[in-house]
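Undergrad: Sharing protein_0.pdb, PDB, C-alpha atoms and all ligand atoms:
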ATOM      1  CA  MET A   1      13.929 -16.239  15.490  1.00  0.00           C
ATOM      2  CA  ILE A   2      13.870 -12.502  15.013  1.00  0.00           C
ATOM      3  CA  GLY A   3      17.333 -11.043  14.710  1.00  0.00           C
ATOM      4  CA  GLU A   4      18.097  -7.492  13.761  1.00  0.00           C
ATOM      5  CA  MET A   5      15.696  -5.874  11.356  1.00  0.00           C
ATOM      6  CA  ARG A   6      17.014  -4.033   8.307  1.00  0.00           C
ATOM      7  CA  GLY A   7      13.898  -4.548   6.224  1.00  0.00           C
ATOM      8  CA  ALA A   8      10.271  -4.610   7.396  1.00  0.00           C
ATOM      9  CA  ILE A   9       7.691  -6.220   5.116  1.00  0.00           C
ATOM     10  CA  PHE A  10       4.017  -5.539   5.748  1.00  0.00           C
ATOM     11  CA  ASP A  11       0.974  -7.431   4.644  1.00  0.00           C
ATOM     12  CA  LEU A  12      -1.873  -5.021   3.869  1.00  0.00           C
ATOM     13  CA  ASP A  13      -5.252  -6.628   4.582  1.00  0.00           C
ATOM     14  CA  GLY A  14      -5.635  -7.160   8.337  1.00  0.00           C
ATOM     15  CA  VAL A  15      -2.352  -5.466   9.245  1.00  0.00           C
ATOM     16  CA  ILE A  16      -2.665  -1.904   7.918  1.00  0.00           C
ATOM     17  CA  VAL A  17      -6.360  -1.852   7.085  1.00  0.00           C
ATOM     18  CA  ASP A  18      -9.370  -4.081   7.742  1.00  0.00           C
ATOM     19  CA  THR A  19     -10.459  -4.894   4.208  1.00  0.00           C
ATOM     20  CA  ALA A  20     -11.579  -8.404   5.275  1.00  0.00           C
ATOM     21  CA  LYS A  21     -15.001  -6.921   6.040  1.00  0.00           C
ATOM     22  CA  TYR A  22     -15.355  -5.691   2.437  1.00  0.00           C
ATOM     23  CA  HIS A  23     -14.082  -8.979   0.981  1.00  0.00           C
ATOM     24  CA  TYR A  24     -16.699 -10.687   3.166  1.00  0.00           C
ATOM     25  CA  LEU A  25     -19.557  -8.452   1.996  1.00  0.00           C
ATOM     26  CA  ALA A  26     -18.661  -9.079  -1.649  1.00  0.00           C
ATOM     27  CA  TRP A  27     -18.174 -12.858  -1.287  1.00  0.00           C
ATOM     28  CA  ARG A  28     -21.403 -13.172   0.719  1.00  0.00           C
ATOM     29  CA  ARG A  29     -23.265 -11.266  -1.999  1.00  0.00           C
ATOM     30  CA  LEU A  30     -21.992 -13.795  -4.539  1.00  0.00           C
ATOM     31  CA  ALA A  31     -22.924 -16.744  -2.296  1.00  0.00           C
ATOM     32  CA  THR A  32     -26.434 -15.306  -1.848  1.00  0.00           C
ATOM     33  CA  GLN A  33     -26.799 -14.988  -5.626  1.00  0.00           C
ATOM     34  CA  LEU A  34     -25.708 -18.610  -5.962  1.00  0.00           C
ATOM     35  CA  GLY A  35     -28.219 -19.649  -3.310  1.00  0.00           C
ATOM     36  CA  PHE A  36     -26.156 -20.546  -0.232  1.00  0.00           C
ATOM     37  CA  ASP A  37     -24.958 -18.997   3.065  1.00  0.00           C
ATOM     38  CA  PHE A  38     -21.437 -17.789   3.676  1.00  0.00           C
ATOM     39  CA  THR A  39     -20.681 -17.082   7.340  1.00  0.00           C
ATOM     40  CA  PRO A  40     -18.011 -14.892   8.993  1.00  0.00           C
ATOM     41  CA  ALA A  41     -16.373 -18.143  10.187  1.00  0.00           C
ATOM     42  CA  ASP A  42     -16.144 -19.367   6.562  1.00  0.00           C
ATOM     43  CA  ASN A  43     -14.594 -15.998   5.667  1.00  0.00           C
ATOM     44  CA  GLU A  44     -11.672 -16.657   8.042  1.00  0.00           C
ATOM     45  CA  ARG A  45     -10.457 -19.282   5.553  1.00  0.00           C
ATOM     46  CA  LEU A  46     -10.053 -16.602   2.856  1.00  0.00           C
ATOM     47  CA  LYS A  47      -7.584 -14.420   4.737  1.00  0.00           C
ATOM     48  CA  GLY A  48      -4.295 -14.035   2.871  1.00  0.00           C
ATOM     49  CA  VAL A  49      -5.500 -16.357   0.121  1.00  0.00           C
ATOM     50  CA  SER A  50      -5.615 -15.329  -3.579  1.00  0.00           C
ATOM     51  CA  ARG A  51      -8.864 -14.351  -5.322  1.00  0.00           C
ATOM     52  CA  MET A  52      -9.219 -17.574  -7.333  1.00  0.00           C
ATOM     53  CA  ARG A  53      -8.357 -19.781  -4.354  1.00  0.00           C
ATOM     54  CA  SER A  54     -10.898 -17.806  -2.300  1.00  0.00           C
ATOM     55  CA  LEU A  55     -13.556 -18.586  -4.918  1.00  0.00           C
ATOM     56  CA  GLU A  56     -12.661 -22.290  -4.782  1.00  0.00           C
ATOM     57  CA  ILE A  57     -13.114 -22.258  -0.992  1.00  0.00           C
ATOM     58  CA  LEU A  58     -16.429 -20.380  -1.293  1.00  0.00           C
ATOM     59  CA  LEU A  59     -17.776 -22.878  -3.839  1.00  0.00           C
ATOM     60  CA  GLU A  60     -16.584 -25.747  -1.641  1.00  0.00           C
ATOM     61  CA  VAL A  61     -18.598 -24.251   1.261  1.00  0.00           C
ATOM     62  CA  GLY A  62     -21.688 -24.028  -0.973  1.00  0.00           C
ATOM     63  CA  GLY A  63     -21.122 -27.472  -2.507  1.00  0.00           C
ATOM     64  CA  ARG A  64     -21.093 -25.977  -6.013  1.00  0.00           C
ATOM     65  CA  SER A  65     -18.696 -26.281  -8.927  1.00  0.00           C
ATOM     66  CA  PHE A  66     -18.381 -24.468 -12.256  1.00  0.00           C
ATOM     67  CA  ASP A  67     -16.206 -24.626 -15.363  1.00  0.00           C
ATOM     68  CA  PRO A  68     -13.097 -22.386 -15.423  1.00  0.00           C
ATOM     69  CA  ALA A  69     -14.688 -19.685 -17.640  1.00  0.00           C
ATOM     70  CA  THR A  70     -17.684 -19.328 -15.293  1.00  0.00           C
ATOM     71  CA  CYS A  71     -15.304 -19.217 -12.305  1.00  0.00           C
ATOM     72  CA  ARG A  72     -13.458 -16.301 -13.906  1.00  0.00           C
ATOM     73  CA  THR A  73     -16.772 -14.478 -14.452  1.00  0.00           C
ATOM     74  CA  LEU A  74     -17.841 -15.092 -10.833  1.00  0.00           C
ATOM     75  CA  ALA A  75     -14.484 -13.856  -9.485  1.00  0.00           C
ATOM     76  CA  ALA A  76     -14.712 -10.738 -11.675  1.00  0.00           C
ATOM     77  CA  ARG A  77     -18.260 -10.073 -10.429  1.00  0.00           C
ATOM     78  CA  LYS A  78     -17.136 -10.353  -6.809  1.00  0.00           C
ATOM     79  CA  ASN A  79     -14.201  -8.066  -7.531  1.00  0.00           C
ATOM     80  CA  SER A  80     -16.377  -5.367  -9.098  1.00  0.00           C
ATOM     81  CA  TRP A  81     -18.463  -5.257  -5.892  1.00  0.00           C
ATOM     82  CA  TYR A  82     -15.308  -5.258  -3.737  1.00  0.00           C
ATOM     83  CA  VAL A  83     -13.836  -2.377  -5.752  1.00  0.00           C
ATOM     84  CA  GLU A  84     -17.057  -0.368  -5.196  1.00  0.00           C
ATOM     85  CA  TYR A  85     -16.557  -0.772  -1.431  1.00  0.00           C
ATOM     86  CA  ILE A  86     -12.851   0.084  -1.358  1.00  0.00           C
ATOM     87  CA  ARG A  87     -13.269   3.143  -3.585  1.00  0.00           C
ATOM     88  CA  ALA A  88     -15.191   4.691  -0.693  1.00  0.00           C
ATOM     89  CA  MET A  89     -12.295   4.173   1.775  1.00  0.00           C
ATOM     90  CA  ASP A  90     -10.081   6.926   3.145  1.00  0.00           C
ATOM     91  CA  ALA A  91      -7.280   7.447   5.701  1.00  0.00           C
ATOM     92  CA  ARG A  92      -9.733   7.059   8.597  1.00  0.00           C
ATOM     93  CA  GLU A  93      -9.720   3.324   7.897  1.00  0.00           C
ATOM     94  CA  ILE A  94      -5.999   2.891   8.584  1.00  0.00           C
ATOM     95  CA  LEU A  95      -5.766   0.647  11.670  1.00  0.00           C
ATOM     96  CA  PRO A  96      -4.742   2.506  14.869  1.00  0.00           C
ATOM     97  CA  GLY A  97      -1.021   3.265  15.070  1.00  0.00           C
ATOM     98  CA  ALA A  98      -0.138   1.549  11.764  1.00  0.00           C
ATOM     99  CA  SER A  99       1.227   4.504   9.787  1.00  0.00           C
ATOM    100  CA  GLU A 100       2.941   5.908  12.882  1.00  0.00           C
ATOM    101  CA  TYR A 101       4.727   2.596  13.505  1.00  0.00           C
ATOM    102  CA  ILE A 102       5.883   2.270   9.890  1.00  0.00           C
ATOM    103  CA  GLY A 103       7.029   5.910   9.968  1.00  0.00           C
ATOM    104  CA  LEU A 104       9.040   5.272  13.152  1.00  0.00           C
ATOM    105  CA  LEU A 105      10.803   2.288  11.605  1.00  0.00           C
ATOM    106  CA  ARG A 106      11.724   4.404   8.573  1.00  0.00           C
ATOM    107  CA  LYS A 107      13.148   7.085  10.874  1.00  0.00           C
ATOM    108  CA  ALA A 108      15.235   4.374  12.548  1.00  0.00           C
ATOM    109  CA  GLY A 109      16.737   3.542   9.127  1.00  0.00           C
ATOM    110  CA  VAL A 110      14.729   0.380   8.435  1.00  0.00           C
ATOM    111  CA  LYS A 111      13.674  -0.163   4.800  1.00  0.00           C
ATOM    112  CA  THR A 112       9.961  -0.843   4.373  1.00  0.00           C
ATOM    113  CA  ALA A 113       7.953  -2.802   1.827  1.00  0.00           C
ATOM    114  CA  LEU A 114       4.382  -3.864   1.292  1.00  0.00           C
ATOM    115  CA  ALA A 115       3.758  -7.444   0.135  1.00  0.00           C
ATOM    116  CA  SER A 116       0.093  -8.223  -0.464  1.00  0.00           C
ATOM    117  CA  ALA A 117      -1.681 -11.002  -2.349  1.00  0.00           C
ATOM    118  CA  SER A 118      -4.248  -8.410  -3.431  1.00  0.00           C
ATOM    119  CA  LYS A 119      -4.359  -7.139  -6.983  1.00  0.00           C
ATOM    120  CA  ASN A 120      -6.202  -4.130  -5.553  1.00  0.00           C
ATOM    121  CA  ALA A 121      -3.345  -3.176  -3.179  1.00  0.00           C
ATOM    122  CA  PRO A 122      -2.226  -0.102  -5.209  1.00  0.00           C
ATOM    123  CA  THR A 123      -5.815   1.273  -5.240  1.00  0.00           C
ATOM    124  CA  ILE A 124      -6.090   0.768  -1.476  1.00  0.00           C
ATOM    125  CA  LEU A 125      -2.720   2.464  -0.773  1.00  0.00           C
ATOM    126  CA  GLU A 126      -3.791   5.360  -2.937  1.00  0.00           C
ATOM    127  CA  ARG A 127      -7.168   5.680  -1.196  1.00  0.00           C
ATOM    128  CA  LEU A 128      -5.436   5.650   2.204  1.00  0.00           C
ATOM    129  CA  GLY A 129      -2.726   8.082   1.038  1.00  0.00           C
ATOM    130  CA  ILE A 130       0.161   5.938   2.343  1.00  0.00           C
ATOM    131  CA  SER A 131       2.053   4.865  -0.798  1.00  0.00           C
ATOM    132  CA  GLY A 132       4.953   7.087   0.368  1.00  0.00           C
ATOM    133  CA  LEU A 133       5.503   4.894   3.450  1.00  0.00           C
ATOM    134  CA  PHE A 134       7.086   2.093   1.395  1.00  0.00           C
ATOM    135  CA  ASP A 135      10.409   1.720  -0.413  1.00  0.00           C
ATOM    136  CA  ALA A 136       8.861  -1.130  -2.429  1.00  0.00           C
ATOM    137  CA  VAL A 137       5.365  -2.420  -3.149  1.00  0.00           C
ATOM    138  CA  VAL A 138       4.674  -6.007  -4.246  1.00  0.00           C
ATOM    139  CA  ASP A 139       1.048  -6.798  -5.075  1.00  0.00           C
ATOM    140  CA  GLY A 140      -0.952  -9.721  -6.432  1.00  0.00           C
ATOM    141  CA  THR A 141      -0.273  -8.718 -10.052  1.00  0.00           C
ATOM    142  CA  GLN A 142       3.485  -9.292  -9.623  1.00  0.00           C
ATOM    143  CA  VAL A 143       3.532 -12.788  -8.161  1.00  0.00           C
ATOM    144  CA  THR A 144       2.882 -16.143  -9.783  1.00  0.00           C
ATOM    145  CA  ASN A 145       2.644 -18.138  -6.568  1.00  0.00           C
ATOM    146  CA  SER A 146       0.559 -16.691  -3.786  1.00  0.00           C
ATOM    147  CA  LYS A 147       1.109 -17.183  -0.023  1.00  0.00           C
ATOM    148  CA  PRO A 148       1.961 -19.631   1.569  1.00  0.00           C
ATOM    149  CA  ASP A 149       4.570 -19.561  -1.210  1.00  0.00           C
ATOM    150  CA  PRO A 150       7.376 -17.185  -0.155  1.00  0.00           C
ATOM    151  CA  GLU A 151       7.604 -15.473  -3.585  1.00  0.00           C
ATOM    152  CA  ALA A 152       5.967 -12.138  -2.580  1.00  0.00           C
ATOM    153  CA  PHE A 153       8.225 -11.714   0.466  1.00  0.00           C
ATOM    154  CA  LEU A 154      11.397 -12.690  -1.412  1.00  0.00           C
ATOM    155  CA  LEU A 155      10.524 -10.214  -4.164  1.00  0.00           C
ATOM    156  CA  ALA A 156       9.921  -7.479  -1.574  1.00  0.00           C
ATOM    157  CA  ALA A 157      13.295  -8.195   0.116  1.00  0.00           C
ATOM    158  CA  SER A 158      15.091  -8.076  -3.195  1.00  0.00           C
ATOM    159  CA  ALA A 159      13.325  -4.818  -4.178  1.00  0.00           C
ATOM    160  CA  MET A 160      14.482  -3.268  -0.868  1.00  0.00           C
ATOM    161  CA  GLY A 161      17.995  -4.663  -1.356  1.00  0.00           C
ATOM    162  CA  VAL A 162      17.913  -6.403   2.043  1.00  0.00           C
ATOM    163  CA  PRO A 163      18.819 -10.116   2.492  1.00  0.00           C
ATOM    164  CA  PRO A 164      15.827 -12.245   3.606  1.00  0.00           C
ATOM    165  CA  ARG A 165      17.485 -13.156   6.934  1.00  0.00           C
ATOM    166  CA  ASP A 166      17.508  -9.436   7.905  1.00  0.00           C
ATOM    167  CA  CYS A 167      13.820  -8.966   7.107  1.00  0.00           C
ATOM    168  CA  VAL A 168      10.846  -9.162   9.450  1.00  0.00           C
ATOM    169  CA  VAL A 169       7.345  -9.816   8.109  1.00  0.00           C
ATOM    170  CA  PHE A 170       4.199  -8.400   9.758  1.00  0.00           C
ATOM    171  CA  GLU A 171       1.270 -10.724   8.965  1.00  0.00           C
ATOM    172  CA  ASP A 172      -2.233 -11.497  10.193  1.00  0.00           C
ATOM    173  CA  ALA A 173      -2.915 -14.661   8.155  1.00  0.00           C
ATOM    174  CA  GLU A 174      -1.675 -18.198   8.696  1.00  0.00           C
ATOM    175  CA  ALA A 175      -0.807 -18.510   4.999  1.00  0.00           C
ATOM    176  CA  GLY A 176       1.351 -15.382   5.310  1.00  0.00           C
ATOM    177  CA  VAL A 177       3.097 -16.650   8.450  1.00  0.00           C
ATOM    178  CA  GLU A 178       3.993 -19.868   6.633  1.00  0.00           C
ATOM    179  CA  ALA A 179       5.232 -17.881   3.616  1.00  0.00           C
ATOM    180  CA  ALA A 180       7.477 -15.755   5.859  1.00  0.00           C
ATOM    181  CA  ARG A 181       8.823 -18.877   7.563  1.00  0.00           C
ATOM    182  CA  ARG A 182       9.632 -20.402   4.153  1.00  0.00           C
ATOM    183  CA  ALA A 183      11.342 -17.134   3.132  1.00  0.00           C
ATOM    184  CA  GLY A 184      13.641 -17.468   6.192  1.00  0.00           C
ATOM    185  CA  MET A 185      12.414 -14.186   7.709  1.00  0.00           C
ATOM    186  CA  GLY A 186      11.433 -13.122  11.235  1.00  0.00           C
ATOM    187  CA  ILE A 187       7.676 -13.037  11.823  1.00  0.00           C
ATOM    188  CA  VAL A 188       5.532 -10.700  13.858  1.00  0.00           C
ATOM    189  CA  GLY A 189       1.949 -11.952  13.939  1.00  0.00           C
ATOM    190  CA  ILE A 190      -0.747  -9.297  14.096  1.00  0.00           C
ATOM    191  CA  GLY A 191      -3.903 -10.589  15.753  1.00  0.00           C
ATOM    192  CA  ARG A 192      -4.719 -13.340  18.233  1.00  0.00           C
ATOM    193  CA  PRO A 193      -1.900 -15.671  19.417  1.00  0.00           C
ATOM    194  CA  GLU A 194      -4.150 -18.770  19.043  1.00  0.00           C
ATOM    195  CA  SER A 195      -4.302 -18.332  15.294  1.00  0.00           C
ATOM    196  CA  LEU A 196      -0.660 -17.238  14.829  1.00  0.00           C
ATOM    197  CA  LYS A 197       1.194 -20.036  16.611  1.00  0.00           C
ATOM    198  CA  ASP A 198       4.189 -20.036  14.252  1.00  0.00           C
ATOM    199  CA  ALA A 199       4.993 -16.338  14.649  1.00  0.00           C
ATOM    200  CA  ASP A 200       8.075 -15.300  16.670  1.00  0.00           C
ATOM    201  CA  LEU A 201       6.072 -12.610  18.394  1.00  0.00           C
ATOM    202  CA  VAL A 202       2.366 -11.673  18.342  1.00  0.00           C
ATOM    203  CA  ALA A 203       0.850  -8.235  18.899  1.00  0.00           C
ATOM    204  CA  ALA A 204      -2.774  -7.157  18.663  1.00  0.00           C
ATOM    205  CA  SER A 205      -1.893  -4.310  16.283  1.00  0.00           C
ATOM    206  CA  LEU A 206       1.051  -2.416  14.784  1.00  0.00           C
ATOM    207  CA  GLY A 207       0.209   0.417  17.202  1.00  0.00           C
ATOM    208  CA  GLN A 208       1.058  -1.897  20.116  1.00  0.00           C
ATOM    209  CA  LEU A 209       4.555  -2.507  18.737  1.00  0.00           C
ATOM    210  CA  ARG A 210       5.750   1.048  19.208  1.00  0.00           C
ATOM    211  CA  ALA A 211       7.339   0.173  22.522  1.00  0.00           C
ATOM    212  CA  LEU A 212       9.572  -2.284  20.665  1.00  0.00           C
ATOM    213  CA  LEU A 213      11.141   0.335  18.429  1.00  0.00           C
ATOM    214  CA  PRO A 214      14.625   0.142  20.003  1.00  0.00           C
ATOM    215  CA  TRP A 215      14.662  -3.558  19.100  1.00  0.00           C
ATOM    216  CA  ALA A 216      14.262  -2.475  15.477  1.00  0.00           C
ATOM    217  CA  ARG A 217      17.488  -0.488  15.445  1.00  0.00           C
ATOM    218  CA  CYS A 218      20.370  -2.139  13.624  1.00  0.00           C
ATOM    219  CA  PRO A 219      23.687  -2.554  15.408  1.00  0.00           C
ATOM    220  CA  ALA A 220      26.261  -0.122  14.012  1.00  0.00           C
ATOM    221  CA  GLY A 221      28.590  -1.521  11.392  1.00  0.00           C
ATOM    222  CA  ARG A 222      26.112  -3.718   9.494  1.00  0.00           C
TER     223      ARG A 222
HETATM  224  C1  LIG B   1      -5.435 -10.497   0.534  1.00  0.00           C
HETATM  225  C2  LIG B   1      -6.656 -10.838   1.375  1.00  0.00           C
HETATM  226  C3  LIG B   1      -7.421 -12.003   0.758  1.00  0.00           C
HETATM  227  C4  LIG B   1      -7.711 -11.708  -0.698  1.00  0.00           C
HETATM  228  C5  LIG B   1      -6.426 -11.487  -1.479  1.00  0.00           C
HETATM  229  C6  LIG B   1      -6.650 -11.189  -2.945  1.00  0.00           C
HETATM  230  O1  LIG B   1      -4.453 -11.429   0.758  1.00  0.00           O
HETATM  231  O2  LIG B   1      -6.283 -11.171   2.698  1.00  0.00           O
HETATM  232  O3  LIG B   1      -8.603 -12.189   1.493  1.00  0.00           O
HETATM  233  O4  LIG B   1      -8.425 -12.800  -1.299  1.00  0.00           O
HETATM  234  O5  LIG B   1      -5.747 -10.403  -0.870  1.00  0.00           O
HETATM  235  O6  LIG B   1      -7.286  -9.937  -3.071  1.00  0.00           O
HETATM  236  P1  LIG B   1      -7.810  -9.307  -4.436  1.00  0.00           P
HETATM  237  O7  LIG B   1      -8.037  -7.850  -4.082  1.00  0.00           O
HETATM  238  O8  LIG B   1      -6.721  -9.472  -5.464  1.00  0.00           O
HETATM  239  O9  LIG B   1      -9.041 -10.024  -4.818  1.00  0.00           O
HETATM  240 MG    MG B   2      -3.655 -10.176   5.651  1.00  0.00          MG
END
How does this structure look as structure tokens?
TA:
Amino acid sequence: MIGEMRGAIFDLDGVIVDTAKYHYLAWRRLATQLGFDFTPADNERLKGVSRMRSLEILLEVGGRSFDPATCRTLAARKNSWYVEYIRAMDAREILPGASEYIGLLRKAGVKTALASASKNAPTILERLGISGLFDAVVDGTQVTNSKPDPEAFLLAASAMGVPPRDCVVFEDAEAGVEAARRAGMGIVGIGRPESLKDADLVAASLGQLRALLPWARCPAGR
């Protein structure tokens, strides 16, 4: 259940920006090099999942397996392509209404944090020019256990100084929804209700949540 919100924690990929398309291009390029197809449907399984786990899923799709050192090389190769794509991004790629919604929450006195499984999150925030929208940033370099483990969200709550029960997570991936549930936080799913069944509320985008701003205000005295 969503109660009052004193802290808002945002996933990055799929909530603030659509980087899934760049992840897909880079993973597909690797699959092609390895001699198999990787479809957009396969790519759905990578959302919210760490880089190494994504590689495992990709290799499973292609029926291939490699020793750990080769896996690290393959993941690094994919990442160098991905970084080429994201270096070309700018503020025009922020999803409609996302920065405005986060800005409105901040005006209402809600603390904000970013919690992403991506090790590239700081580069993306910098490219989009929105680092200043967050009181705390937790990225893939700071967590040992990636989503669906609640570690990233718990770290974000603690960095904001807000108890987990007063935090709401905004997530587009099933793994992230499960992580938020395990962290004991409210969950707003961003995307299609069919794929976000465990969320307390689902909206197509952050922009569509603006009408709910009054709900974000904290009762006086807390
Ligand atoms: C996000 C994306 C995943 C991606 C992960 C790691 O959670 O949704 O698709 O695999 O970040 O990203 P990275 O930039 O560290 O490879
Ligand atoms: Mg995401």
Undergrad: Step by step, work through what the PyMOL selection byres (((chain A and resi 141) around 12) and not hetatm) selects in the shown file, and finish by giving those residues as an NGL selection string.
TA: :A and (50-51 or 115-122 or 137-140 or 142-146 or 152)
Undergrad: Applied to the shown file, which residues does the PyMOL selection byres (((chain A and resi 123) around 12) and not hetatm) return, written as a ChimeraX atom specification?
TA: /A:12,82-90,118-122,124-131,137,139
Undergrad: Tell me, in Å to one decimal, how far CA of Asp198 (chain A) is from atom O4 of ligand LIG 1 (chain B).
TA: 21.3 Å
Undergrad: List as an mmCIF file with C-alpha atoms, in the coordinates of the input the residues having at least one atom at most 7 Å from position (-11.1, -0.5, 10.3) as given in the file, counting all atoms listed in the file.
TA:
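Written output follows (result-v1.cif):
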data_model
loop_
_atom_site.group_PDB
_atom_site.id
_atom_site.type_symbol
_atom_site.label_atom_id
_atom_site.label_comp_id
_atom_site.auth_asym_id
_atom_site.auth_seq_id
_atom_site.Cartn_x
_atom_site.Cartn_y
_atom_site.Cartn_z
ATOM 1 C CA VAL A 17 -6.360 -1.852 7.085
ATOM 2 C CA ASP A 18 -9.370 -4.081 7.742
ATOM 3 C CA GLU A 93 -9.720 3.324 7.897
ATOM 4 C CA ILE A 94 -5.999 2.891 8.584
ATOM 5 C CA LEU A 95 -5.766 0.647 11.670
#
Undergrad: Residues within 7 Å of ligand MG 2 (chain B) should be enumerated using only C-alpha atoms and all ligand atoms and returned as JSON, numbers by chain.
TA: {"A": [11, 12, 13, 14, 15, 47, 48, 171, 172, 173]}
Undergrad: For the residues in that selection, give me C-alpha atoms as an mmCIF file, in the frame of the given file.
TA:
data_model
loop_
_atom_site.group_PDB
_atom_site.id
_atom_site.type_symbol
_atom_site.label_atom_id
_atom_site.label_comp_id
_atom_site.auth_asym_id
_atom_site.auth_seq_id
_atom_site.Cartn_x
_atom_site.Cartn_y
_atom_site.Cartn_z
ATOM 1 C CA ASP A 11 0.974 -7.431 4.644
ATOM 2 C CA LEU A 12 -1.873 -5.021 3.869
ATOM 3 C CA ASP A 13 -5.252 -6.628 4.582
ATOM 4 C CA GLY A 14 -5.635 -7.160 8.337
ATOM 5 C CA VAL A 15 -2.352 -5.466 9.245
ATOM 6 C CA LYS A 47 -7.584 -14.420 4.737
ATOM 7 C CA GLY A 48 -4.295 -14.035 2.871
ATOM 8 C CA GLU A 171 1.270 -10.724 8.965
ATOM 9 C CA ASP A 172 -2.233 -11.497 10.193
ATOM 10 C CA ALA A 173 -2.915 -14.661 8.155
#
Undergrad: When distances are computed from all atoms listed in the file, which of A:Arg210, A:Arg29, A:Arg45, A:Arg192 shows the smallest separation from ligand LIG 1 (chain B)?
TA: A:Arg45
Undergrad: Would you fill the gaps in region 68-73 of chain A so it has all heavy atoms, then print it as a PDB file, keeping the file's coordinate frame?
TA:
ATOM      1  N   PRO A  68     -14.060 -23.476 -15.650  1.00  0.00           N
ATOM      2  CA  PRO A  68     -13.097 -22.386 -15.423  1.00  0.00           C
ATOM      3  C   PRO A  68     -13.572 -21.024 -15.943  1.00  0.00           C
ATOM      4  O   PRO A  68     -13.368 -20.008 -15.263  1.00  0.00           O
ATOM      5  CB  PRO A  68     -11.845 -22.847 -16.176  1.00  0.00           C
ATOM      6  CG  PRO A  68     -11.958 -24.331 -16.223  1.00  0.00           C
ATOM      7  CD  PRO A  68     -13.424 -24.651 -16.284  1.00  0.00           C
ATOM      8  N   ALA A  69     -14.250 -20.985 -17.102  1.00  0.00           N
ATOM      9  CA  ALA A  69     -14.688 -19.685 -17.640  1.00  0.00           C
ATOM     10  C   ALA A  69     -15.731 -19.050 -16.718  1.00  0.00           C
ATOM     11  O   ALA A  69     -15.673 -17.850 -16.418  1.00  0.00           O
ATOM     12  CB  ALA A  69     -15.254 -19.864 -19.048  1.00  0.00           C
ATOM     13  N   THR A  70     -16.675 -19.855 -16.216  1.00  0.00           N
ATOM     14  CA  THR A  70     -17.684 -19.328 -15.293  1.00  0.00           C
ATOM     15  C   THR A  70     -17.015 -18.867 -13.996  1.00  0.00           C
ATOM     16  O   THR A  70     -17.376 -17.822 -13.436  1.00  0.00           O
ATOM     17  CB  THR A  70     -18.767 -20.400 -15.001  1.00  0.00           C
ATOM     18  OG1 THR A  70     -19.233 -20.900 -16.243  1.00  0.00           O
ATOM     19  CG2 THR A  70     -19.913 -19.847 -14.186  1.00  0.00           C
ATOM     20  N   CYS A  71     -16.022 -19.610 -13.530  1.00  0.00           N
ATOM     21  CA  CYS A  71     -15.304 -19.217 -12.305  1.00  0.00           C
ATOM     22  C   CYS A  71     -14.666 -17.844 -12.484  1.00  0.00           C
ATOM     23  O   CYS A  71     -14.730 -17.000 -11.587  1.00  0.00           O
ATOM     24  CB  CYS A  71     -14.219 -20.241 -11.955  1.00  0.00           C
ATOM     25  SG  CYS A  71     -14.927 -21.731 -11.235  1.00  0.00           S
ATOM     26  N   ARG A  72     -14.074 -17.614 -13.662  1.00  0.00           N
ATOM     27  CA  ARG A  72     -13.458 -16.301 -13.906  1.00  0.00           C
ATOM     28  C   ARG A  72     -14.516 -15.193 -13.878  1.00  0.00           C
ATOM     29  O   ARG A  72     -14.296 -14.122 -13.324  1.00  0.00           O
ATOM     30  CB  ARG A  72     -12.691 -16.303 -15.238  1.00  0.00           C
ATOM     31  CG  ARG A  72     -11.315 -16.987 -15.121  1.00  0.00           C
ATOM     32  CD  ARG A  72     -10.459 -16.700 -16.331  1.00  0.00           C
ATOM     33  NE  ARG A  72     -11.011 -17.279 -17.567  1.00  0.00           N
ATOM     34  CZ  ARG A  72     -10.816 -18.548 -17.967  1.00  0.00           C
ATOM     35  NH1 ARG A  72     -10.067 -19.364 -17.231  1.00  0.00           N
ATOM     36  NH2 ARG A  72     -11.341 -18.985 -19.095  1.00  0.00           N
ATOM     37  N   THR A  73     -15.682 -15.474 -14.455  1.00  0.00           N
ATOM     38  CA  THR A  73     -16.772 -14.478 -14.452  1.00  0.00           C
ATOM     39  C   THR A  73     -17.239 -14.206 -13.015  1.00  0.00           C
ATOM     40  O   THR A  73     -17.463 -13.053 -12.632  1.00  0.00           O
ATOM     41  CB  THR A  73     -17.981 -15.013 -15.277  1.00  0.00           C
ATOM     42  OG1 THR A  73     -17.482 -15.386 -16.552  1.00  0.00           O
ATOM     43  CG2 THR A  73     -19.072 -13.986 -15.414  1.00  0.00           C
TER      44      THR A  73
END
